[in-house]
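The file protein.cif comes next; it holds mmCIF, C-alpha atoms and all ligand atoms.
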data_target
#
loop_
_atom_site.label_atom_id
_atom_site.label_comp_id
_atom_site.auth_asym_id
_atom_site.auth_seq_id
_atom_site.Cartn_x
_atom_site.Cartn_y
_atom_site.Cartn_z
CA MET A 1 0.00 0.00 0.00
CA SER A 2 3.00 2.29 0.22
CA ASP A 3 2.90 2.41 -3.64
CA ALA A 4 0.22 5.13 -3.45
CA ALA A 5 2.41 7.28 -1.21
CA ASP A 6 5.37 6.87 -3.56
CA GLU A 7 3.20 7.60 -6.59
CA ILE A 8 1.98 10.83 -4.99
CA THR A 9 5.50 11.90 -4.01
CA GLN A 10 6.82 11.27 -7.53
CA GLY A 11 3.80 12.91 -9.05
CA LEU A 12 4.30 16.00 -6.92
CA ALA A 13 7.96 16.17 -7.94
CA SER A 14 7.29 16.06 -11.70
CA LEU A 15 4.27 18.35 -11.28
CA GLY A 16 6.46 20.87 -9.45
CA GLU A 17 8.76 21.24 -12.44
CA ARG A 18 6.05 21.16 -15.07
CA PHE A 19 3.69 23.81 -13.70
CA ARG A 20 6.48 26.32 -13.22
CA ALA A 21 7.54 25.88 -16.86
CA ASP A 22 3.90 26.02 -18.07
CA PHE A 23 3.06 29.13 -16.06
CA ALA A 24 6.25 30.89 -17.19
CA SER A 25 5.50 30.24 -20.86
CA ALA A 26 1.84 31.33 -20.65
CA ALA A 27 1.73 34.42 -22.89
CA ASN A 28 -1.47 35.93 -21.50
CA GLU A 29 -4.00 35.63 -18.68
CA THR A 30 -6.22 33.17 -20.54
CA ALA A 31 -3.30 30.80 -21.23
CA LEU A 32 -2.18 31.15 -17.58
CA ARG A 33 -5.64 30.26 -16.24
CA GLU A 34 -5.75 27.24 -18.54
CA ALA A 35 -2.35 26.07 -17.27
CA ARG A 36 -3.60 26.45 -13.69
CA ALA A 37 -6.73 24.45 -14.49
CA GLN A 38 -4.49 21.62 -15.73
CA VAL A 39 -3.08 21.39 -12.22
CA LEU A 40 -5.92 22.31 -9.85
CA GLY A 41 -8.99 21.79 -12.07
CA LYS A 42 -11.46 18.86 -11.80
CA LYS A 43 -9.37 16.86 -14.23
CA GLY A 44 -6.09 18.46 -13.14
CA ASP A 45 -2.89 16.59 -12.29
CA LEU A 46 -2.91 17.52 -8.60
CA THR A 47 -6.57 16.58 -8.30
CA ALA A 48 -5.74 13.17 -9.81
CA LEU A 49 -2.97 12.68 -7.20
CA LEU A 50 -5.36 13.64 -4.39
CA LYS A 51 -7.65 10.83 -5.43
CA LEU A 52 -4.85 8.41 -4.40
CA MET A 53 -4.84 9.71 -0.80
CA GLY A 54 -7.36 7.08 0.22
CA LYS A 55 -4.80 4.38 -0.50
CA VAL A 56 -2.00 6.00 1.52
CA PRO A 57 -1.21 4.20 4.81
CA LYS A 58 -2.40 6.04 7.91
CA GLU A 59 1.09 6.73 9.27
CA LYS A 60 2.18 8.44 6.04
CA LYS A 61 -1.01 10.39 5.46
CA LYS A 62 0.10 13.40 7.49
CA ASP A 63 3.41 13.86 5.63
CA ILE A 64 1.92 13.21 2.22
CA GLY A 65 -0.96 15.59 2.96
CA ALA A 66 1.48 18.31 4.01
CA ALA A 67 3.53 17.76 0.82
CA VAL A 68 0.38 18.07 -1.31
CA ASN A 69 -0.67 21.28 0.46
CA LYS A 70 2.81 22.72 0.05
CA VAL A 71 2.69 22.14 -3.73
CA LYS A 72 -0.85 23.53 -3.85
CA GLY A 73 0.37 26.68 -2.08
CA GLU A 74 3.28 26.98 -4.48
CA VAL A 75 0.95 26.68 -7.47
CA GLU A 76 -1.18 29.60 -6.20
CA GLU A 77 1.90 31.64 -5.38
CA VAL A 78 3.53 31.18 -8.78
CA PHE A 79 0.19 31.72 -10.49
CA ASN A 80 -0.37 35.07 -8.74
CA ALA A 81 3.19 36.21 -9.41
CA ARG A 82 2.87 35.40 -13.12
CA LEU A 83 -0.57 37.07 -13.28
CA THR A 84 0.93 40.30 -11.91
CA VAL A 85 3.77 40.19 -14.48
CA LEU A 86 1.29 39.62 -17.33
CA ALA A 87 -1.02 42.44 -16.18
CA GLU A 88 1.89 44.86 -15.97
CA ALA A 89 3.13 43.85 -19.42
CA GLU A 90 -0.35 44.34 -20.85
CA ARG A 91 -0.67 47.79 -19.29
CA ARG A 92 2.72 48.81 -20.60
CA ALA A 93 1.82 47.61 -24.10
CA ASP A 94 -1.43 49.59 -23.82
CA LEU A 95 0.44 52.75 -22.87
CA ASN A 96 3.02 52.33 -25.61
CA ALA A 97 0.44 51.64 -28.29
CA ARG A 98 -1.32 54.63 -30.01
CA PRO A 99 -4.95 53.62 -29.77
CA TYR A 100 -6.30 57.17 -30.25
CA ASP A 101 -5.80 59.30 -33.32
CA LEU A 102 -5.34 62.70 -31.73
CA THR A 103 -5.61 64.40 -35.12
CA LEU A 104 -9.28 63.37 -35.50
CA PRO A 105 -11.69 66.28 -34.96
CA ALA A 106 -13.53 65.98 -31.67
CA ARG A 107 -17.15 64.90 -31.67
CA SER A 108 -19.08 67.74 -30.09
CA PRO A 109 -21.68 66.58 -27.54
CA ASN A 110 -23.85 69.57 -28.49
CA PRO A 111 -23.47 70.38 -32.17
CA SER A 112 -24.45 74.03 -32.45
CA GLY A 113 -27.04 74.98 -35.04
CA HIS A 114 -27.08 77.95 -37.34
CA LEU A 115 -29.61 80.33 -38.77
CA HIS A 116 -32.03 79.03 -41.39
CA PRO A 117 -31.00 80.13 -44.92
CA LEU A 118 -34.21 82.19 -45.11
CA THR A 119 -33.44 84.00 -41.86
CA ARG A 120 -29.94 84.78 -43.08
CA ALA A 121 -31.26 86.15 -46.38
CA LYS A 122 -33.81 88.23 -44.44
CA TYR A 123 -31.17 89.70 -42.10
CA ASP A 124 -28.87 90.49 -45.04
CA ILE A 125 -31.66 92.31 -46.89
CA LEU A 126 -32.76 94.27 -43.79
CA ASP A 127 -29.12 95.17 -43.02
CA ILE A 128 -28.68 96.73 -46.46
CA PHE A 129 -31.83 98.85 -46.10
CA ARG A 130 -30.89 99.83 -42.54
CA SER A 131 -27.53 101.05 -43.85
CA LEU A 132 -29.45 103.13 -46.43
CA GLY A 133 -31.37 104.87 -43.62
CA PHE A 134 -34.53 102.75 -43.38
CA GLU A 135 -36.19 101.80 -40.09
CA VAL A 136 -37.48 98.26 -39.56
CA GLY A 137 -41.24 98.07 -39.01
CA TRP A 138 -43.52 95.28 -37.86
CA GLY A 139 -47.11 94.16 -38.49
CA PRO A 140 -49.31 91.16 -37.58
CA GLU A 141 -49.68 88.11 -39.82
CA ILE A 142 -53.45 88.05 -39.22
CA GLU A 143 -54.50 91.31 -40.81
CA LEU A 144 -57.67 93.33 -41.44
CA GLU A 145 -58.97 93.20 -45.00
CA ASP A 146 -58.92 96.98 -44.86
CA ASN A 147 -55.12 97.15 -44.29
CA ASN A 148 -54.35 94.28 -46.65
CA PHE A 149 -56.48 95.34 -49.65
CA THR A 150 -58.84 98.30 -49.31
CA LYS A 151 -56.44 101.01 -48.16
CA LEU A 152 -53.99 99.88 -50.84
CA ALA A 153 -56.58 100.73 -53.47
CA PHE A 154 -57.04 97.17 -54.67
CA PRO A 155 -60.08 97.16 -56.95
CA PRO A 156 -62.78 94.89 -55.49
CA ASP A 157 -62.51 92.54 -58.46
CA HIS A 158 -58.70 92.29 -58.37
CA PRO A 159 -57.60 88.62 -58.61
CA ALA A 160 -55.52 88.93 -55.40
CA THR A 161 -58.67 89.56 -53.39
CA ASP A 162 -60.29 86.41 -54.77
CA MET A 163 -61.42 83.77 -52.27
CA GLN A 164 -59.19 81.29 -54.11
CA ASP A 165 -56.07 83.37 -53.44
CA THR A 166 -56.60 84.25 -49.82
CA PHE A 167 -56.91 82.49 -46.45
CA TRP A 168 -59.80 84.17 -44.67
CA VAL A 169 -59.97 83.92 -40.89
CA THR A 170 -63.28 83.40 -39.13
CA VAL A 171 -63.84 85.83 -36.31
CA ASP A 172 -66.78 85.41 -33.94
CA GLY A 173 -69.51 88.02 -34.39
CA ALA A 174 -70.85 89.06 -37.77
CA ALA A 175 -70.22 92.75 -37.16
CA ARG A 176 -66.44 92.30 -36.87
CA ALA A 177 -64.25 93.51 -39.72
CA ARG A 178 -63.11 90.86 -42.15
CA THR A 179 -59.68 89.35 -41.31
CA LEU A 180 -57.30 87.23 -43.30
CA LEU A 181 -53.75 85.89 -43.30
CA ARG A 182 -51.91 88.83 -44.87
CA THR A 183 -51.11 88.23 -48.55
CA HIS A 184 -48.19 90.67 -48.51
CA THR A 185 -46.11 92.69 -46.04
CA THR A 186 -47.38 95.86 -47.73
CA SER A 187 -49.99 95.95 -44.95
CA VAL A 188 -47.18 97.12 -42.64
CA GLN A 189 -46.77 100.15 -44.92
CA VAL A 190 -50.44 101.01 -44.35
CA ARG A 191 -50.08 100.66 -40.57
CA GLU A 192 -47.03 102.95 -40.55
CA LEU A 193 -48.64 105.58 -42.79
CA LEU A 194 -51.83 105.53 -40.69
CA THR A 195 -50.04 106.18 -37.41
CA ARG A 196 -46.99 108.29 -38.28
CA ASN A 197 -46.18 111.43 -40.20
CA PRO A 198 -43.74 111.72 -43.12
CA PRO A 199 -40.87 111.81 -43.77
CA LEU A 200 -40.75 108.04 -43.31
CA ALA A 201 -38.50 105.29 -44.64
CA VAL A 202 -39.55 101.89 -43.31
CA VAL A 203 -38.80 98.34 -44.35
CA SER A 204 -40.50 95.24 -42.93
CA ALA A 205 -40.10 91.50 -43.40
CA GLY A 206 -42.11 88.43 -42.56
CA ALA A 207 -44.32 85.53 -43.56
CA VAL A 208 -47.21 86.02 -45.96
CA TYR A 209 -49.88 83.57 -47.17
CA ARG A 210 -51.54 82.71 -50.45
CA ARG A 211 -53.27 79.65 -51.75
CA ASP A 212 -50.45 78.48 -54.04
CA ASP A 213 -48.57 75.22 -53.80
CA ASP A 214 -46.05 74.01 -56.39
CA VAL A 215 -42.30 73.90 -57.06
CA THR A 216 -41.90 77.70 -57.06
CA HIS A 217 -44.90 78.62 -54.85
CA SER A 218 -45.58 77.76 -51.23
CA PRO A 219 -48.80 78.69 -49.37
CA MET A 220 -46.52 80.44 -46.88
CA PHE A 221 -43.59 82.49 -48.12
CA HIS A 222 -41.56 85.47 -46.99
CA GLN A 223 -41.50 89.03 -48.19
CA VAL A 224 -39.65 92.23 -47.61
CA ASP A 225 -41.65 95.38 -48.18
CA GLY A 226 -40.50 98.94 -47.84
CA PHE A 227 -41.37 102.51 -48.68
CA MET A 228 -40.06 106.03 -48.48
CA VAL A 229 -42.55 108.89 -48.21
CA GLY A 230 -41.66 112.56 -47.90
CA GLU A 231 -41.65 115.87 -49.74
CA ASP A 232 -40.14 115.61 -53.22
CA VAL A 233 -39.48 111.86 -53.14
CA SER A 234 -39.02 111.01 -56.82
CA PHE A 235 -38.64 108.08 -59.16
CA ALA A 236 -34.94 109.02 -59.43
CA GLN A 237 -34.58 108.29 -55.70
CA LEU A 238 -36.40 104.98 -56.17
CA LYS A 239 -33.91 104.03 -58.88
CA GLY A 240 -30.93 105.14 -56.81
CA VAL A 241 -31.94 103.35 -53.60
CA LEU A 242 -33.06 100.11 -55.24
CA SER A 243 -30.08 99.91 -57.63
CA ALA A 244 -27.77 100.34 -54.63
CA PHE A 245 -29.68 97.61 -52.79
CA ALA A 246 -29.52 95.15 -55.72
CA ARG A 247 -25.79 95.71 -56.23
CA ARG A 248 -25.04 95.21 -52.54
CA LEU A 249 -27.01 91.97 -52.52
CA TYR A 250 -25.85 90.52 -55.83
CA GLY A 251 -22.48 92.17 -56.41
CA ALA A 252 -21.21 95.61 -57.43
CA ASP A 253 -20.94 94.58 -61.09
CA ALA A 254 -24.48 93.19 -61.37
CA PRO A 255 -26.31 94.78 -64.33
CA VAL A 256 -29.60 96.34 -63.18
CA ARG A 257 -32.61 97.34 -65.24
CA PHE A 258 -36.08 98.74 -64.50
CA ARG A 259 -39.00 97.48 -66.55
CA ALA A 260 -42.49 98.98 -66.59
CA SER A 261 -45.02 96.80 -64.78
CA TYR A 262 -48.37 97.03 -63.02
CA PHE A 263 -49.12 96.82 -59.29
CA PRO A 264 -52.45 98.15 -58.01
CA PHE A 265 -51.02 100.39 -55.28
CA VAL A 266 -48.29 102.16 -57.27
CA GLU A 267 -48.28 104.49 -60.28
CA PRO A 268 -46.07 104.19 -62.27
CA GLY A 269 -45.01 100.65 -61.41
CA ALA A 270 -41.81 98.84 -62.36
CA GLU A 271 -39.93 95.63 -61.87
CA LEU A 272 -36.24 95.56 -61.09
CA ASP A 273 -34.20 92.87 -62.84
CA ILE A 274 -30.57 91.96 -62.35
CA GLY A 275 -28.35 90.28 -64.92
CA CYS A 276 -28.51 86.50 -64.51
CA VAL A 277 -25.87 85.39 -62.03
CA PHE A 278 -25.99 81.81 -63.31
CA CYS A 279 -24.96 82.25 -66.95
CA GLU A 280 -22.81 84.24 -69.38
CA PRO A 281 -24.00 85.40 -72.82
CA GLY A 282 -23.54 82.60 -75.34
CA GLU A 283 -24.09 78.89 -75.19
CA ALA A 284 -24.52 78.79 -71.38
CA ARG A 285 -27.26 81.44 -71.60
CA ALA A 286 -29.12 79.47 -74.28
CA LYS A 287 -29.30 76.55 -71.81
CA CYS A 288 -29.92 78.58 -68.62
CA ARG A 289 -33.14 77.44 -66.98
CA VAL A 290 -32.98 79.97 -64.13
CA CYS A 291 -33.34 83.05 -66.36
CA LYS A 292 -35.08 81.07 -69.11
CA SER A 293 -32.31 82.31 -71.49
CA THR A 294 -33.39 85.94 -71.10
CA GLY A 295 -30.23 86.93 -69.19
CA TRP A 296 -32.35 88.71 -66.55
CA LEU A 297 -33.75 87.71 -63.18
CA GLU A 298 -36.73 89.46 -61.57
CA VAL A 299 -35.69 90.71 -58.15
CA LEU A 300 -38.40 93.05 -56.91
CA GLY A 301 -41.51 95.01 -57.75
CA CYS A 302 -41.60 98.75 -57.10
CA GLY A 303 -43.18 102.05 -58.06
CA MET A 304 -44.36 105.45 -56.86
CA VAL A 305 -46.98 105.12 -54.12
CA HIS A 306 -50.42 105.76 -55.65
CA PRO A 307 -51.86 109.10 -54.39
CA ALA A 308 -55.06 107.21 -53.46
CA VAL A 309 -53.07 105.06 -50.99
CA LEU A 310 -51.62 108.17 -49.33
CA GLU A 311 -55.09 109.75 -49.11
CA HIS A 312 -56.58 106.52 -47.65
CA CYS A 313 -53.95 106.76 -44.92
CA GLY A 314 -54.71 110.42 -44.21
CA ILE A 315 -51.60 111.83 -45.89
CA ASP A 316 -51.77 114.89 -48.14
CA SER A 317 -50.87 113.57 -51.61
CA GLU A 318 -50.35 117.10 -52.91
CA LYS A 319 -47.57 117.68 -50.41
CA TYR A 320 -46.06 114.23 -50.11
CA THR A 321 -44.89 111.61 -52.59
CA GLY A 322 -43.20 108.29 -52.06
CA PHE A 323 -41.96 105.09 -53.55
CA ALA A 324 -42.56 101.51 -52.39
CA PHE A 325 -41.10 98.12 -53.20
CA GLY A 326 -41.51 94.45 -52.33
CA LEU A 327 -39.50 91.31 -52.87
CA GLY A 328 -39.59 87.62 -51.99
CA ILE A 329 -36.98 86.50 -49.45
CA ASP A 330 -37.45 82.87 -50.50
CA ARG A 331 -36.46 83.78 -54.05
CA VAL A 332 -33.32 85.55 -52.81
CA ALA A 333 -32.34 82.45 -50.79
CA MET A 334 -33.14 80.14 -53.73
CA LEU A 335 -30.99 82.21 -56.10
CA ARG A 336 -28.17 82.59 -53.62
CA TYR A 337 -27.94 78.89 -52.67
CA ALA A 338 -29.19 77.47 -56.02
CA ILE A 339 -32.16 75.74 -54.35
CA PRO A 340 -34.41 74.30 -57.08
CA ASP A 341 -37.58 73.63 -55.02
CA ILE A 342 -39.07 76.19 -52.59
CA ARG A 343 -40.73 73.49 -50.50
CA VAL A 344 -37.45 72.10 -49.11
CA LEU A 345 -37.02 75.42 -47.29
CA PHE A 346 -39.97 74.52 -45.05
CA ASP A 347 -39.47 70.74 -44.64
CA ASN A 348 -37.16 71.20 -41.62
CA ASP A 349 -34.99 68.34 -42.80
CA PRO A 350 -31.62 68.58 -40.99
CA ARG A 351 -29.89 66.84 -43.93
CA PHE A 352 -30.87 69.82 -46.09
CA LEU A 353 -30.34 72.55 -43.49
CA ALA A 354 -26.89 71.23 -42.48
CA GLN A 355 -25.63 72.07 -45.99
CA PHE A 356 -25.67 75.82 -45.33
ZN ZN B 401 -29.23 82.71 -66.85
#
Using structure tokens, write down the structure from this file.
Amino acid sequence: MSDAADEITQGLASLGERFRADFASAANETALREARAQVLGKKGDLTALLKLMGKVPKEKKKDIGAAVNKVKGEVEEVFNARLTVLAEAERRADLNARPYDLTLPARSPNPSGHLHPLTRAKYDILDIFRSLGFEVGWGPEIELEDNNFTKLAFPPDHPATDMQDTFWVTVDGAARARTLLRTHTTSVQVRELLTRNPPLAVVSAGAVYRRDDDVTHSPMFHQVDGFMVGEDVSFAQLKGVLSAFARRLYGADAPVRFRASYFPFVEPGAELDIGCVFCEPGEARAKCRVCKSTGWLEVLGCGMVHPAVLEHCGIDSEKYTGFAFGLGIDRVAMLRYAIPDIRVLFDNDPRFLAQF
């Protein structure tokens, strides 16, 4: 029966050499834990030796048991020492490696937004008029029919007053004046002229509403409207102010022309065109879809304020004259950023807005 004791003693001796070599050659923590399992695991070498203990004679059991425990302790000790060495090596390798590319731009936790292209166009337009001496006025988007049409001398049968063109607003009580979503910012002009005395130079900007909806028309769009009223305000001043405006907005070299046109609240009326900024005369112009090969782009409508409008607002049309103008902010933004469809301006799609 002493064979079992000898077998254990020999086993411990060969195990002692083997586990030290195995632990030392383990390249990482996983390999080290596997090597340890081969000694202390369920099917490990030391576990197999322990199974022989039952066959060891009583008088030798104490010594053999102590020898087994000693080896067991050594296994744990060497294992822990090797684990520390491996962990340190791994940390050093981590520090020496270059896991982060410090040249990459940082990802901002709060990407900051920017102004909508329409807002920017609006501010730019208002800034130019402010620098030319205009004040900025304001009026409500829900407007009285009187301010929107009647005081501006719109004939009752004018197409703009048609039910199909206008969003009317229901107001409780039949006796109340008729109200609508303003169809132009010219209503601000009426409000200013009704409450203040000339000389006046006011520009206003904001949303206006008409029942249109296609690639170049939206039921809501944005206008700038302005006027100058005083003694001896002439068409020459209109041309000077508006030419200066167009050249500041589209470039000092932009060709400008005035073309006779009709608007109900001015007389005479004109449209201001600038030379197409998208094409040059020649083959490119023949293909230009923006100016439809004419070489000119409509920028704004203008004219001398009709005496009837001044009289409707309580201003002496014998003493005072004035000019007025209006333009679409959406069109300015579309021309400036080459946006082909007006509707994308109002979709609030960040993929579109992030491009500006
Ligand atoms: Zn063109």
TODO: Grab me every residue within 8 Å of ligand ZN 401 (chain B), counting only C-alpha atoms and all ligand atoms, and send it over as a PyMOL selection string.
DONE: chain A and resi 275-280+284-285+287-297
Can you spit out the residues from that selection as a JSON list (two decimals), in the frame of the given file, using C-alpha atoms?
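Output saved as selection_7.json:
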[["chain", "number", "residue", "atom", "x", "y", "z"],
["A", 275, "GLY", "CA", -28.35, 90.28, -64.92],
["A", 276, "CYS", "CA", -28.51, 86.50, -64.51],
["A", 277, "VAL", "CA", -25.87, 85.39, -62.03],
["A", 278, "PHE", "CA", -25.99, 81.81, -63.31],
["A", 279, "CYS", "CA", -24.96, 82.25, -66.95],
["A", 280, "GLU", "CA", -22.81, 84.24, -69.38],
["A", 284, "ALA", "CA", -24.52, 78.79, -71.38],
["A", 285, "ARG", "CA", -27.26, 81.44, -71.60],
["A", 287, "LYS", "CA", -29.30, 76.55, -71.81],
["A", 288, "CYS", "CA", -29.92, 78.58, -68.62],
["A", 289, "ARG", "CA", -33.14, 77.44, -66.98],
["A", 290, "VAL", "CA", -32.98, 79.97, -64.13],
["A", 291, "CYS", "CA", -33.34, 83.05, -66.36],
["A", 292, "LYS", "CA", -35.08, 81.07, -69.11],
["A", 293, "SER", "CA", -32.31, 82.31, -71.49],
["A", 294, "THR", "CA", -33.39, 85.94, -71.10],
["A", 295, "GLY", "CA", -30.23, 86.93, -69.19],
["A", 296, "TRP", "CA", -32.35, 88.71, -66.55],
["A", 297, "LEU", "CA", -33.75, 87.71, -63.18]]
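Distances from A:Ala81, A:Ala121, A:Gly65, A:Val39 to Arg331 in chain A were compared using all atoms listed in the file, and the smallest one belongs to A:Ala121.
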TODO: Find the residue from A:Tyr320, A:Phe258, A:Phe346, A:Tyr250 that sits nearest to Ile125 in chain A; use all atoms listed in the file when measuring.
DONE: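 Comparing A:Tyr320, A:Phe258, A:Phe346, A:Tyr250 against Ile125 in chain A, the winner is A:Tyr250.
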Task: Counting all atoms listed in the file, the option among A:Ala333, A:Leu126, A:Ala324, A:Ala93 closest to Ser234 in chain A - done: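 That would be A:Ala324, the residue with the smallest distance to Ser234 in chain A.
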So that I can check the surroundings of Cys313 in chain A, please list as a CSV table (one decimal) with C-alpha atoms, in the frame of the given file every protein, DNA and RNA residue that reaches within 10 Å of it, counting all atoms listed in the file and ignoring chain neighbours fewer than 3 positions away.
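Result written to around-v5.csv:
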chain,number,residue,atom,x,y,z
A,147,ASN,CA,-55.1,97.2,-44.3
A,151,LYS,CA,-56.4,101.0,-48.2
A,152,LEU,CA,-54.0,99.9,-50.8
A,189,GLN,CA,-46.8,100.2,-44.9
A,190,VAL,CA,-50.4,101.0,-44.4
A,191,ARG,CA,-50.1,100.7,-40.6
A,192,GLU,CA,-47.0,103.0,-40.6
A,193,LEU,CA,-48.6,105.6,-42.8
A,194,LEU,CA,-51.8,105.5,-40.7
A,195,THR,CA,-50.0,106.2,-37.4
A,196,ARG,CA,-47.0,108.3,-38.3
A,307,PRO,CA,-51.9,109.1,-54.4
A,308,ALA,CA,-55.1,107.2,-53.5
A,309,VAL,CA,-53.1,105.1,-51.0
A,310,LEU,CA,-51.6,108.2,-49.3
A,316,ASP,CA,-51.8,114.9,-48.1
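Coordinates place CA of Val241 in chain A at a distance of 27.7 Å from CA of Thr150 in chain A.
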Open item on the list: Quick one: residues within 12 Å of Ala4 in chain A, all atoms listed in the file, excluding same-chain residues fewer than 2 positions away - as a ChimeraX atom specification?
Closed with: /A:1-2,6-11,48-58,60-61,64
Open item on the list: Set the distance at 12 Å and use all atoms listed in the file: which residues neighbour Gly251 in chain A once local chain neighbours fewer than 4 positions away are removed? I'd like the list as a list of chain:residue names.
Closed with: A:Ser243, A:Ala244, A:Phe245, A:Ala246, A:Arg247, A:Pro255, A:Val256, A:Ile274, A:Gly275, A:Cys276, A:Val277, A:Arg336
Task: Residue among A:His184, A:Arg248, A:Arg91, A:Lys62 lying closest to Asp127 in chain A, counting all atoms listed in the file - done: A:Arg248
Task: Interatomic distance (Å, one decimal) between CA of Leu118 in chain A and CA of Phe263 in chain A - done: 25.2 Å
- [ ] Record the distance separating CA of His114 in chain A and CA of Phe356 in chain A, expressed in Å with one decimal.
- [x]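 According to the coordinates, CA of His114 in chain A and CA of Phe356 in chain A are separated by 8.4 Å.
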- [ ] Pick out the closest residue to Gly139 in chain A from this set: A:Val224, A:Ile315, A:Leu115, A:Leu102. Count all atoms listed in the file.
- [x]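 With all atoms listed in the file as the atom set, the closest residue is A:Val224.
If you measure from each of A:Gly314, A:Gly113, A:Gly16, A:Gly326 to Val203 in chain A using all atoms listed in the file, the closest one turns out to be A:Gly326.
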- [ ] Quick one: residues within 10 Å of (-42.5, 92.6, -34.3) (file frame), counting all atoms listed in the file, please, as a PyMOL selection string.
- [x] chain A and resi 136-140+204-206
Exercise on range 298-311 of chain A, axis-aligned box with 5 Å per side, report centre and edge lengths in Å to one decimal, as JSON:
{"center_x": -45.4, "center_y": 99.6, "center_z": -55.3, "size_x": 29.4, "size_y": 30.3, "size_z": 22.5}
